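What follows is the content of start32.txt (compact mmCIF, C-alpha atoms).
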```
# COMPACT_ATOMS: atom_id res chain seq x y z
CA MET G 1500 -11.72 48.29 -12.29
CA PHE G 1501 -9.49 47.29 -15.19
CA ARG G 1502 -6.66 46.37 -12.81
CA SER G 1503 -8.84 44.00 -10.79
CA HIS G 1504 -10.02 42.17 -13.94
CA LEU G 1505 -6.47 41.97 -15.19
CA PHE G 1506 -5.33 40.61 -11.82
CA LEU G 1507 -8.12 38.00 -11.79
CA THR G 1508 -7.32 36.94 -15.35
CA ILE G 1509 -3.62 36.54 -14.60
CA PHE G 1510 -4.42 34.68 -11.37
CA PHE G 1511 -6.77 32.29 -13.20
CA PHE G 1512 -4.20 31.43 -15.86
CA ALA G 1513 -1.39 31.07 -13.35
CA ALA G 1514 -3.41 28.85 -11.03
CA PHE G 1515 -5.44 26.66 -13.38
CA LEU G 1516 -3.76 26.58 -16.77
CA PRO G 1517 -0.79 24.35 -15.76
CA ALA G 1518 -3.15 21.69 -14.39
CA ALA G 1519 -5.34 21.86 -17.49
CA LEU G 1520 -2.37 21.61 -19.86
CA LEU G 1521 -0.46 18.95 -17.98
CA GLY G 1522 -3.42 16.89 -16.87
CA GLN G 1523 -3.59 14.89 -13.69
CA VAL G 1524 -0.36 13.28 -12.58
CA GLY G 1525 -0.66 9.82 -11.08
CA PRO G 1526 -3.62 7.79 -9.91
CA SER G 1527 -6.89 9.57 -9.32
CA VAL G 1528 -8.38 9.99 -5.88
CA GLU G 1529 -10.90 7.26 -6.68
CA GLU G 1530 -8.22 4.80 -7.82
CA ARG G 1531 -6.14 5.46 -4.70
CA ALA G 1532 -9.21 5.13 -2.47
CA ALA G 1533 -10.10 1.79 -4.06
CA ILE G 1534 -6.70 0.22 -3.48
CA THR G 1535 -6.33 1.57 0.07
CA ALA G 1536 -9.82 0.34 1.01
CA ALA G 1537 -9.01 -3.09 -0.44
CA ILE G 1538 -5.77 -3.25 1.55
CA ASP G 1539 -7.57 -2.24 4.74
CA GLU G 1540 -10.19 -4.93 4.20
CA ARG G 1541 -7.73 -7.73 3.42
CA VAL G 1542 -5.35 -6.87 6.23
CA ALA G 1543 -8.18 -6.57 8.76
CA GLY G 1544 -9.14 -10.15 7.93
CA ILE G 1545 -5.64 -11.40 8.76
CA VAL G 1546 -4.39 -9.52 11.81
CA PRO G 1547 -5.87 -9.81 15.29
CA GLY G 1548 -7.46 -6.72 16.74
CA PRO G 1549 -7.65 -3.33 15.04
CA MET G 1550 -5.08 -2.05 12.57
CA LEU G 1551 -2.65 0.43 14.10
CA GLN G 1552 -2.82 2.67 11.02
CA ARG G 1553 -5.19 2.39 8.09
CA ALA G 1554 -3.74 2.31 4.58
CA LYS G 1555 -2.47 5.62 3.21
CA SER G 1556 -1.14 6.29 -0.26
CA THR G 1557 1.07 8.74 -2.04
CA TYR G 1558 2.17 9.08 -5.64
CA LEU G 1559 5.87 9.56 -6.37
CA GLU G 1560 6.33 10.86 -9.89
CA GLY G 1561 8.75 8.66 -11.79
CA TYR G 1562 8.29 5.74 -9.38
CA GLY G 1563 4.57 5.19 -8.90
CA LEU G 1564 2.09 4.65 -6.10
CA VAL G 1565 3.22 3.81 -2.56
CA VAL G 1566 0.69 2.51 -0.02
CA THR G 1567 1.58 2.13 3.66
CA ILE G 1568 -0.21 0.44 6.55
CA GLU G 1569 0.78 -0.49 10.11
CA VAL G 1570 -0.32 -3.63 11.95
CA ALA G 1571 0.53 -5.88 14.86
CA LEU G 1572 0.74 -9.60 14.09
CA ALA G 1573 0.02 -10.62 17.66
CA LEU G 1574 -1.79 -8.98 20.52
CA PRO G 1575 0.48 -8.00 23.40
CA ARG G 1576 0.59 -10.23 26.43
CA ASN G 1577 -2.20 -9.37 28.80
CA PRO G 1578 -2.78 -10.73 32.32
CA PHE G 1579 -6.54 -10.74 31.73
CA THR G 1580 -6.52 -13.05 28.72
CA GLY G 1581 -5.35 -16.62 28.38
CA MET G 1582 -1.61 -17.12 28.47
CA ARG G 1583 -0.10 -18.13 25.16
CA SER G 1584 3.21 -19.89 24.89
CA PRO G 1585 6.10 -18.25 23.04
CA GLU G 1586 5.90 -21.05 20.44
CA GLU G 1587 2.22 -20.30 19.83
CA ILE G 1588 2.93 -16.59 19.43
CA ARG G 1589 5.79 -17.31 16.99
CA ARG G 1590 3.68 -19.76 14.98
CA SER G 1591 0.63 -17.51 14.70
CA SER G 1592 2.74 -14.44 13.87
CA ASN G 1593 4.61 -16.33 11.16
CA GLU G 1594 1.33 -17.62 9.68
CA ARG G 1595 -0.09 -14.08 9.63
CA ARG G 1596 3.08 -12.68 8.08
CA LEU G 1597 2.94 -15.27 5.28
CA ALA G 1598 -0.80 -14.61 4.81
CA LEU G 1599 -0.10 -10.86 4.52
CA LYS G 1600 2.51 -11.49 1.84
CA GLU G 1601 0.17 -13.76 -0.14
CA ALA G 1602 -2.77 -11.36 0.20
CA THR G 1603 -0.59 -8.47 -0.97
CA VAL G 1604 0.47 -10.33 -4.12
CA ASP G 1605 -3.17 -11.18 -4.88
CA LEU G 1606 -4.26 -7.60 -4.27
CA LEU G 1607 -1.55 -6.18 -6.52
CA GLY G 1608 -2.68 -8.49 -9.30
CA GLU G 1609 -6.31 -7.44 -8.90
CA TYR G 1610 -6.05 -3.67 -8.44
CA VAL G 1611 -2.92 -2.45 -10.20
CA PRO G 1612 -4.21 -3.05 -13.77
CA GLY G 1613 -7.19 -0.80 -12.98
CA ILE G 1614 -5.01 2.24 -12.27
CA ARG G 1615 -5.52 3.92 -15.62
CA SER G 1616 -3.79 7.24 -14.96
CA MET G 1617 -0.34 5.79 -14.27
CA PRO G 1618 2.27 4.80 -16.87
CA SER G 1619 2.83 1.08 -17.38
CA ASP G 1620 6.52 1.26 -16.45
CA GLU G 1621 5.80 2.71 -12.99
CA ARG G 1622 5.35 0.59 -9.88
CA VAL G 1623 2.88 0.13 -7.08
CA ALA G 1624 4.49 -0.65 -3.72
CA VAL G 1625 2.73 -1.79 -0.58
CA VAL G 1626 4.66 -1.25 2.65
CA ILE G 1627 3.35 -3.10 5.71
CA TYR G 1628 4.90 -1.90 8.95
CA MET G 1629 4.74 -4.56 11.67
CA LEU G 1630 4.82 -3.53 15.31
CA ASN G 1631 6.43 -6.19 17.48
CA THR G 1632 4.14 -6.33 20.51
CA ASN G 1633 5.98 -9.33 22.01
CA PRO G 1634 9.71 -8.69 21.45
CA ALA G 1635 10.77 -11.32 24.01
CA ASP G 1636 8.92 -13.99 22.03
CA LEU G 1637 9.71 -12.61 18.55
CA PRO G 1638 13.23 -11.16 18.72
CA ASP G 1639 13.82 -11.54 14.97
CA LEU G 1640 10.48 -10.31 13.60
CA PRO G 1641 11.04 -8.06 10.56
CA THR G 1642 9.72 -4.54 10.98
CA GLN G 1643 8.28 -4.24 7.48
CA ILE G 1644 7.24 -6.10 4.37
CA VAL G 1645 7.63 -4.28 1.05
CA ALA G 1646 5.93 -5.71 -2.05
CA SER G 1647 6.15 -3.93 -5.39
CA VAL G 1648 5.28 -4.64 -9.01
CA THR G 1649 5.14 -2.72 -12.27
CA LYS G 1650 1.78 -1.85 -13.72
CA GLN G 1651 2.79 -3.72 -16.89
CA ASP G 1652 3.34 -6.99 -14.97
CA ALA G 1653 -0.12 -6.68 -13.42
CA ALA G 1654 -1.62 -5.93 -16.84
CA ASP G 1655 0.10 -9.05 -18.21
CA LEU G 1656 -1.55 -11.11 -15.46
CA GLN G 1657 -4.96 -9.61 -16.18
CA SER G 1658 -4.66 -10.29 -19.92
CA ALA G 1659 -3.47 -13.88 -19.20
CA ALA G 1660 -0.12 -13.19 -20.88
CA ILE G 1661 1.51 -14.61 -17.73
CA SER G 1662 0.33 -17.07 -15.12
CA LYS G 1663 -0.42 -16.25 -11.50
CA THR G 1664 2.78 -18.05 -10.51
CA ALA G 1665 4.85 -16.03 -13.02
CA PHE G 1666 3.23 -12.85 -11.70
CA ALA G 1667 4.10 -13.80 -8.11
CA ASP G 1668 7.71 -14.28 -9.23
CA ARG G 1669 7.73 -10.75 -10.72
CA VAL G 1670 6.49 -9.16 -7.49
CA VAL G 1671 9.53 -7.89 -5.62
CA MET G 1672 9.02 -8.96 -1.99
CA ARG G 1673 11.42 -7.79 0.70
CA GLU G 1674 11.39 -7.94 4.46
CA TYR G 1675 13.45 -5.61 6.62
```

This entry written out as structure tokens:
Amino acid sequence: MFRSHLFLTIFFFAAFLPAALLGQVGPSVEERAAITAAIDERVAGIVPGPMLQRAKSTYLEGYGLVVTIEVALALPRNPFTGMRSPEEIRRSSNERRLALKEATVDLLGEYVPGIRSMPSDERVAVVIYMLNTNPADLPDLPTQIVASVTKQDAADLQSAAISKTAFADRVVMREY
């Protein structure tokens, strides 16, 4: 009897004490759900058809929050729908790509300051994977957009310490 209580006591301290002492690391489930839902909503309003993969997030200690999503900027050619010219496909894909970049900057400015359980020197990165459904028409389409910003830069925007233009300049935007 004594051994089982001792075992349970040791198990409890080993399993739950580190989490209680250290606290939660990184954004809470609710904070991560809010930003991923916002990304899903914004991206769905830009891309044609359904998203290939809904937004998913992970926290990397020492870096910050990373959110990924996968989309197609143009629907694949289909013999049952109207034929679009290569120029039209290039134009619409480029417009959607630029709209995704702008929407991502806006979203980072809105949601990153609200992530309370993340240090201000860490970053939030949004990675948008783009599937090229028309490679003959878009041979040079980047495969991903990566936008990242520190929590402090987003907090500066929210407190009006910097302008929206200055914030956009602080967002690191790369295409690969």

Worksheet item: Contacts of Val1542 (chain G) at 12 Å or less, counting all atoms listed in the file, minus same-chain residues fewer than 3 places along, as a PyMOL selection string?
Response: chain G and resi 1535-1539+1545-1554+1567-1572+1595-1603+1606+1625+1627-1629

Worksheet item: Mind pulling up the distance from CA of Ala1532 (chain G) to CA of Glu1609 (chain G)?
Response: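 Separation of CA of Glu1609 (chain G) and CA of Ala1532 (chain G): 14.4 Å.
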
Discussion item. From the options G:Leu1637, G:Ser1662, G:Val1566, G:Ser1616, which residue's atoms come nearest to Ser1591 (chain G), counting only C-alpha atoms?
Written reply: G:Leu1637

Practice prompt. Identify, on the basis of only C-alpha atoms, every residue whose closest approach to Thr1664 (chain G) does not exceed 12 Å; exclude the query and any residue fewer than 5 positions from it along the same chain; express the result as number ranges by chain.
Written response: G: 1601, 1604-1605, 1608, 1652, 1656, 1659, 1669-1670

Response to the item:
Correct to one decimal, the distance CA of Arg1673 (chain G)-CA of Val1645 (chain G) is 5.2 Å

Worksheet item: Could you state the separation of CA of Thr1642 (chain G) and CA of Glu1674 (chain G) in Å, given to one decimal place?
Response: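 These atoms are spaced 7.5 Å apart.
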
Discussion item. Counting all atoms listed in the file, which residue out of G:Arg1541, G:Asn1633, G:Leu1564, G:Pro1575 sits closest to Ser1647 (chain G)?
Written reply: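 Using all atoms listed in the file, Ser1647 (chain G) sits closest to G:Leu1564.
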